[in-house]
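Chemist: So here's structure00.pdb (PDB, C-alpha atoms).
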ATOM      1  CA  MET A 237     149.079  91.662 163.141  1.00  0.00           C
ATOM      2  CA  GLY A 238     152.802  91.255 162.482  1.00  0.00           C
ATOM      3  CA  LYS A 239     154.829  88.443 161.095  1.00  0.00           C
ATOM      4  CA  PRO A 240     154.523  85.024 162.726  1.00  0.00           C
ATOM      5  CA  ASP A 241     157.188  84.212 165.300  1.00  0.00           C
ATOM      6  CA  THR A 242     159.254  81.473 163.681  1.00  0.00           C
ATOM      7  CA  ARG A 243     162.618  82.273 165.254  1.00  0.00           C
ATOM      8  CA  ARG A 244     162.621  79.191 167.464  1.00  0.00           C
ATOM      9  CA  LEU A 245     161.788  76.918 164.538  1.00  0.00           C
ATOM     10  CA  ASP A 246     164.320  78.647 162.280  1.00  0.00           C
ATOM     11  CA  ARG A 247     167.031  78.143 164.890  1.00  0.00           C
ATOM     12  CA  ALA A 248     166.109  74.468 165.289  1.00  0.00           C
ATOM     13  CA  ILE A 249     166.196  73.988 161.496  1.00  0.00           C
ATOM     14  CA  ARG A 250     169.632  75.621 161.266  1.00  0.00           C
ATOM     15  CA  GLU A 251     170.919  73.432 164.108  1.00  0.00           C
ATOM     16  CA  ALA A 252     169.535  70.259 162.508  1.00  0.00           C
ATOM     17  CA  ASN A 253     171.167  71.210 159.189  1.00  0.00           C
ATOM     18  CA  ARG A 254     174.495  71.689 161.005  1.00  0.00           C
ATOM     19  CA  LYS A 255     174.101  68.249 162.572  1.00  0.00           C
ATOM     20  CA  LEU A 256     173.281  66.703 159.190  1.00  0.00           C
ATOM     21  CA  GLU A 257     176.411  68.198 157.633  1.00  0.00           C
ATOM     22  CA  ALA A 258     178.470  66.910 160.572  1.00  0.00           C
ATOM     23  CA  VAL A 259     177.048  63.397 160.148  1.00  0.00           C
ATOM     24  CA  ARG A 260     177.864  63.528 156.441  1.00  0.00           C
ATOM     25  CA  GLU A 261     181.435  64.445 157.452  1.00  0.00           C
ATOM     26  CA  ARG A 262     181.381  61.407 159.795  1.00  0.00           C
ATOM     27  CA  GLU A 263     181.617  63.400 163.042  1.00  0.00           C
ATOM     28  CA  LEU A 264     180.285  61.746 166.193  1.00  0.00           C
ATOM     29  CA  TRP A 265     179.004  64.758 168.173  1.00  0.00           C
ATOM     30  CA  PRO A 266     175.510  65.010 166.604  1.00  0.00           C
ATOM     31  CA  LEU A 267     174.674  61.333 167.139  1.00  0.00           C
ATOM     32  CA  ASP A 268     172.358  60.132 169.867  1.00  0.00           C
ATOM     33  CA  GLY A 269     173.489  57.424 172.281  1.00  0.00           C
ATOM     34  CA  ARG A 270     172.098  54.459 170.358  1.00  0.00           C
ATOM     35  CA  GLU A 271     173.695  55.570 167.077  1.00  0.00           C
ATOM     36  CA  ARG A 272     177.011  56.346 168.766  1.00  0.00           C
ATOM     37  CA  ARG A 273     177.106  52.904 170.389  1.00  0.00           C
ATOM     38  CA  ALA A 274     176.308  51.179 167.084  1.00  0.00           C
ATOM     39  CA  ILE A 275     179.089  53.027 165.268  1.00  0.00           C
ATOM     40  CA  LEU A 276     181.668  52.471 167.992  1.00  0.00           C
ATOM     41  CA  ARG A 277     180.701  48.804 168.249  1.00  0.00           C
ATOM     42  CA  ALA A 278     181.105  48.344 164.490  1.00  0.00           C
ATOM     43  CA  ALA A 279     184.439  50.191 164.496  1.00  0.00           C
ATOM     44  CA  ALA A 280     185.753  48.071 167.375  1.00  0.00           C
ATOM     45  CA  SER A 281     184.574  44.904 165.675  1.00  0.00           C
ATOM     46  CA  GLY A 282     186.258  45.957 162.441  1.00  0.00           C
ATOM     47  CA  SER A 283     189.541  46.716 164.129  1.00  0.00           C
ATOM     48  CA  TYR A 284     189.438  43.344 165.922  1.00  0.00           C
ATOM     49  CA  ARG A 285     188.735  41.506 162.671  1.00  0.00           C
ATOM     50  CA  THR A 286     191.518  43.428 160.913  1.00  0.00           C
ATOM     51  CA  LEU A 287     193.916  42.545 163.697  1.00  0.00           C
ATOM     52  CA  ARG A 288     192.997  38.866 163.284  1.00  0.00           C
ATOM     53  CA  GLY A 289     193.435  39.100 159.520  1.00  0.00           C
ATOM     54  CA  ARG A 290     189.792  38.465 158.693  1.00  0.00           C
ATOM     55  CA  SER A 291     187.418  40.130 156.250  1.00  0.00           C
ATOM     56  CA  THR A 292     185.656  43.310 157.406  1.00  0.00           C
ATOM     57  CA  ASP A 293     182.928  43.351 154.738  1.00  0.00           C
ATOM     58  CA  ARG A 294     180.047  42.785 157.145  1.00  0.00           C
ATOM     59  CA  THR A 295     181.491  45.248 159.649  1.00  0.00           C
ATOM     60  CA  ASP A 296     181.881  47.907 156.972  1.00  0.00           C
ATOM     61  CA  GLN A 297     178.293  47.342 155.938  1.00  0.00           C
ATOM     62  CA  ARG A 298     177.123  47.664 159.557  1.00  0.00           C
ATOM     63  CA  LEU A 299     179.099  50.874 159.982  1.00  0.00           C
ATOM     64  CA  GLU A 300     177.679  52.385 156.781  1.00  0.00           C
ATOM     65  CA  SER A 301     174.181  51.358 157.834  1.00  0.00           C
ATOM     66  CA  ALA A 302     174.576  53.133 161.190  1.00  0.00           C
ATOM     67  CA  TRP A 303     175.725  56.358 159.501  1.00  0.00           C
ATOM     68  CA  LEU A 304     172.868  56.149 157.024  1.00  0.00           C
ATOM     69  CA  SER A 305     170.404  55.651 159.876  1.00  0.00           C
ATOM     70  CA  ALA A 306     171.653  58.796 161.620  1.00  0.00           C
ATOM     71  CA  GLU A 307     171.425  60.757 158.374  1.00  0.00           C
ATOM     72  CA  THR A 308     167.874  59.541 157.755  1.00  0.00           C
ATOM     73  CA  ARG A 309     166.828  60.523 161.287  1.00  0.00           C
ATOM     74  CA  LEU A 310     168.178  64.046 160.848  1.00  0.00           C
ATOM     75  CA  ILE A 311     166.542  64.476 157.437  1.00  0.00           C
ATOM     76  CA  ALA A 312     163.202  63.427 158.947  1.00  0.00           C
ATOM     77  CA  GLU A 313     163.716  65.868 161.820  1.00  0.00           C
ATOM     78  CA  ILE A 314     164.448  68.728 159.401  1.00  0.00           C
ATOM     79  CA  THR A 315     161.378  67.879 157.323  1.00  0.00           C
ATOM     80  CA  ALA A 316     159.168  67.857 160.414  1.00  0.00           C
ATOM     81  CA  LEU A 317     160.528  71.221 161.555  1.00  0.00           C
ATOM     82  CA  GLN A 318     160.017  72.772 158.117  1.00  0.00           C
ATOM     83  CA  THR A 319     156.457  71.429 157.990  1.00  0.00           C
ATOM     84  CA  GLU A 320     155.743  72.900 161.423  1.00  0.00           C
ATOM     85  CA  ARG A 321     157.203  76.258 160.357  1.00  0.00           C
ATOM     86  CA  GLN A 322     155.017  76.289 157.244  1.00  0.00           C
ATOM     87  CA  ARG A 323     151.953  75.480 159.354  1.00  0.00           C
ATOM     88  CA  VAL A 324     152.684  78.415 161.675  1.00  0.00           C
ATOM     89  CA  VAL A 325     153.136  80.802 158.735  1.00  0.00           C
ATOM     90  CA  THR A 326     149.942  79.580 157.044  1.00  0.00           C
ATOM     91  CA  GLU A 327     148.000  79.873 160.283  1.00  0.00           C
ATOM     92  CA  ALA A 328     149.180  83.458 160.762  1.00  0.00           C
ATOM     93  CA  ALA A 329     148.276  84.348 157.164  1.00  0.00           C
ATOM     94  CA  THR A 330     144.811  82.857 157.585  1.00  0.00           C
ATOM     95  CA  ALA A 331     144.260  84.820 160.777  1.00  0.00           C
ATOM     96  CA  LYS A 332     145.431  88.025 159.105  1.00  0.00           C
ATOM     97  CA  ALA A 333     143.104  87.468 156.131  1.00  0.00           C
ATOM     98  CA  ALA A 334     140.186  86.758 158.442  1.00  0.00           C
ATOM     99  CA  LYS A 335     140.883  89.951 160.393  1.00  0.00           C
ATOM    100  CA  LYS A 336     141.061  91.989 157.186  1.00  0.00           C
ATOM    101  CA  SER A 337     137.851  90.528 155.741  1.00  0.00           C
ATOM    102  CA  SER A 338     135.905  91.222 158.913  1.00  0.00           C
ATOM    103  CA  GLY A 339     136.809  94.908 158.842  1.00  0.00           C
ATOM    104  CA  TRP A 340     134.361  97.784 158.952  1.00  0.00           C
ATOM    105  CA  TRP A 341     134.559  98.538 155.225  1.00  0.00           C
TER     106      TRP A 341
END
Would you mind writing the file out in structure tokens?
Modeler:
Amino acid sequence: MGKPDTRRLDRAIREANRKLEAVRERELWPLDGRERRAILRAAASGSYRTLRGRSTDRTDQRLESAWLSAETRLIAEITALQTERQRVVTEAATAKAAKKSSGWW
């Protein structure tokens, strides 16, 4: 029995970490449609309010909240993937131990 096959999970974890770093750098490409719309809506609202000479406090708060929501989603995704990877590794180790203990000796 060899090592457990975790390549797919490892690749997904690396990709999610890349997306998290991009969100922290305020890049739009890793966002899903709902998050992208919320951010663009808040940015458009802020630019309109700035053009009219009004306060953008609420808009800034909405924008920050949208970025934080995207970051939270990606952190949860990474945690879930890491938990799944650990489960696969533990399962493989348990199977290997069971195979060894049921040997002829």
Chemist: For atom CA of A:Thr319 and atom CA of A:Ala333, quote the distance in Å rounded to one decimal.
Modeler: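 One can read the atom CA of A:Thr319 to atom CA of A:Ala333 distance as 21.0 Å.
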Chemist: Given the choices A:Ala328, A:Glu320, A:Arg290, A:Arg309, which gets closest to A:Pro266 if the distance is worked out from only C-alpha atoms?
Modeler: A:Arg309
Chemist: Quick check on the file I pasted: which residues fall under the PyMOL selection byres ((chain A and resi 267-276) around 10)? Write them as number ranges by chain.
Modeler: A: 255-256, 258-259, 262-266, 277-282, 295, 298-303, 305-307, 309-310
Chemist: Between A:Tyr284, A:Pro240, A:Asp296, A:Arg247, which one has atoms that come closest to A:Gln322, using all atoms listed in the file?
Modeler: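 The closest residue to A:Gln322 is A:Pro240.
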Chemist: In Å, with one decimal, what is the gap from atom CA of A:Ala331 to atom CA of A:Arg250?
Modeler: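 A separation of 27.0 Å between them.
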Chemist: Would you list the contacts of A:Gln318 as an NGL selection string, taking every protein, DNA or RNA residue within 12 Å and counting only C-alpha atoms, but skipping same-chain residues closer than 4 positions in sequence?
Modeler: :A and (242 or 244-250 or 252-253 or 311-314 or 322-325)
Chemist: Grab the atom CA of A:Thr308 to atom CA of A:Arg243 distance for me, in Å with one decimal place.
Modeler: 24.5 Å
Chemist: Closest to A:Thr326 among A:Asp293, A:Glu251, A:Asp241, A:Glu257, using only C-alpha atoms?
Modeler: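 Counting only C-alpha atoms, the residue closest to A:Thr326 is A:Asp241.
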Chemist: Kindly indicate which residue among A:Arg260, A:Arg294, A:Lys239, A:Arg285 lies nearest to A:Ala329, using only C-alpha atoms for the distances.
Modeler: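 The closest residue to A:Ala329 is A:Lys239.
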Chemist: Could you add the missing atoms to stretch 249-272 of chain A, up to N, CA, C and O atoms, and return them as an mmCIF file, keeping the file's coordinate frame?
Modeler:
data_model
loop_
_atom_site.group_PDB
_atom_site.id
_atom_site.type_symbol
_atom_site.label_atom_id
_atom_site.label_comp_id
_atom_site.auth_asym_id
_atom_site.auth_seq_id
_atom_site.Cartn_x
_atom_site.Cartn_y
_atom_site.Cartn_z
ATOM 1 N N ILE A 249 165.908 74.470 162.850
ATOM 2 C CA ILE A 249 166.196 73.988 161.496
ATOM 3 C C ILE A 249 167.670 74.188 161.173
ATOM 4 O O ILE A 249 168.327 73.291 160.631
ATOM 5 N N ARG A 250 168.201 75.366 161.518
ATOM 6 C CA ARG A 250 169.632 75.621 161.266
ATOM 7 C C ARG A 250 170.503 74.635 162.036
ATOM 8 O O ARG A 250 171.487 74.106 161.508
ATOM 9 N N GLU A 251 170.149 74.364 163.283
ATOM 10 C CA GLU A 251 170.919 73.432 164.108
ATOM 11 C C GLU A 251 170.859 72.015 163.535
ATOM 12 O O GLU A 251 171.873 71.308 163.474
ATOM 13 N N ALA A 252 169.678 71.600 163.094
ATOM 14 C CA ALA A 252 169.535 70.259 162.508
ATOM 15 C C ALA A 252 170.331 70.153 161.205
ATOM 16 O O ALA A 252 170.930 69.111 160.926
ATOM 17 N N ASN A 253 170.364 71.219 160.415
ATOM 18 C CA ASN A 253 171.167 71.210 159.189
ATOM 19 C C ASN A 253 172.656 71.107 159.511
ATOM 20 O O ASN A 253 173.396 70.405 158.814
ATOM 21 N N ARG A 254 173.092 71.804 160.569
ATOM 22 C CA ARG A 254 174.495 71.689 161.005
ATOM 23 C C ARG A 254 174.819 70.256 161.408
ATOM 24 O O ARG A 254 175.874 69.719 161.069
ATOM 25 N N LYS A 255 173.898 69.632 162.141
ATOM 26 C CA LYS A 255 174.101 68.249 162.572
ATOM 27 C C LYS A 255 174.158 67.311 161.370
ATOM 28 O O LYS A 255 174.985 66.399 161.327
ATOM 29 N N LEU A 256 173.286 67.549 160.383
ATOM 30 C CA LEU A 256 173.281 66.703 159.190
ATOM 31 C C LEU A 256 174.603 66.807 158.438
ATOM 32 O O LEU A 256 175.168 65.797 158.016
ATOM 33 N N GLU A 257 175.112 68.022 158.301
ATOM 34 C CA GLU A 257 176.411 68.198 157.633
ATOM 35 C C GLU A 257 177.519 67.493 158.415
ATOM 36 O O GLU A 257 178.418 66.895 157.832
ATOM 37 N N ALA A 258 177.459 67.570 159.745
ATOM 38 C CA ALA A 258 178.470 66.910 160.572
ATOM 39 C C ALA A 258 178.393 65.391 160.410
ATOM 40 O O ALA A 258 179.424 64.717 160.347
ATOM 41 N N VAL A 259 177.191 64.839 160.339
ATOM 42 C CA VAL A 259 177.048 63.397 160.148
ATOM 43 C C VAL A 259 177.593 63.001 158.780
ATOM 44 O O VAL A 259 178.253 61.970 158.638
ATOM 45 N N ARG A 260 177.336 63.823 157.782
ATOM 46 C CA ARG A 260 177.864 63.528 156.441
ATOM 47 C C ARG A 260 179.390 63.591 156.408
ATOM 48 O O ARG A 260 180.016 62.941 155.583
ATOM 49 N N GLU A 261 179.975 64.376 157.327
ATOM 50 C CA GLU A 261 181.435 64.445 157.452
ATOM 51 C C GLU A 261 181.960 63.376 158.416
ATOM 52 O O GLU A 261 183.137 63.366 158.745
ATOM 53 N N ARG A 262 181.055 62.517 158.893
ATOM 54 C CA ARG A 262 181.381 61.407 159.795
ATOM 55 C C ARG A 262 181.902 61.874 161.157
ATOM 56 O O ARG A 262 182.808 61.287 161.726
ATOM 57 N N GLU A 263 181.297 62.933 161.693
ATOM 58 C CA GLU A 263 181.617 63.400 163.042
ATOM 59 C C GLU A 263 180.638 62.746 164.015
ATOM 60 O O GLU A 263 179.486 62.517 163.684
ATOM 61 N N LEU A 264 181.108 62.470 165.225
ATOM 62 C CA LEU A 264 180.285 61.746 166.193
ATOM 63 C C LEU A 264 179.401 62.643 167.059
ATOM 64 O O LEU A 264 178.410 62.171 167.622
ATOM 65 N N TRP A 265 179.706 63.927 167.198
ATOM 66 C CA TRP A 265 179.004 64.758 168.173
ATOM 67 C C TRP A 265 177.502 64.877 167.950
ATOM 68 O O TRP A 265 176.746 64.971 168.913
ATOM 69 N N PRO A 266 176.963 64.844 166.715
ATOM 70 C CA PRO A 266 175.510 65.010 166.604
ATOM 71 C C PRO A 266 174.709 63.715 166.802
ATOM 72 O O PRO A 266 173.490 63.741 166.789
ATOM 73 N N LEU A 267 175.374 62.607 167.022
ATOM 74 C CA LEU A 267 174.674 61.333 167.139
ATOM 75 C C LEU A 267 174.043 61.170 168.517
ATOM 76 O O LEU A 267 174.578 61.667 169.514
ATOM 77 N N ASP A 268 172.923 60.456 168.559
ATOM 78 C CA ASP A 268 172.358 60.132 169.867
ATOM 79 C C ASP A 268 173.075 58.888 170.403
ATOM 80 O O ASP A 268 173.914 58.302 169.729
ATOM 81 N N GLY A 269 172.762 58.507 171.611
ATOM 82 C CA GLY A 269 173.489 57.424 172.281
ATOM 83 C C GLY A 269 173.429 56.095 171.550
ATOM 84 O O GLY A 269 174.431 55.396 171.422
ATOM 85 N N ARG A 270 172.263 55.740 171.051
ATOM 86 C CA ARG A 270 172.098 54.459 170.358
ATOM 87 C C ARG A 270 172.947 54.425 169.088
ATOM 88 O O ARG A 270 173.641 53.432 168.816
ATOM 89 N N GLU A 271 172.908 55.516 168.320
ATOM 90 C CA GLU A 271 173.695 55.570 167.077
ATOM 91 C C GLU A 271 175.193 55.557 167.367
ATOM 92 O O GLU A 271 175.963 54.883 166.687
ATOM 93 N N ARG A 272 175.585 56.295 168.401
ATOM 94 C CA ARG A 272 177.011 56.346 168.766
ATOM 95 C C ARG A 272 177.518 54.966 169.177
ATOM 96 O O ARG A 272 178.595 54.536 168.770
#
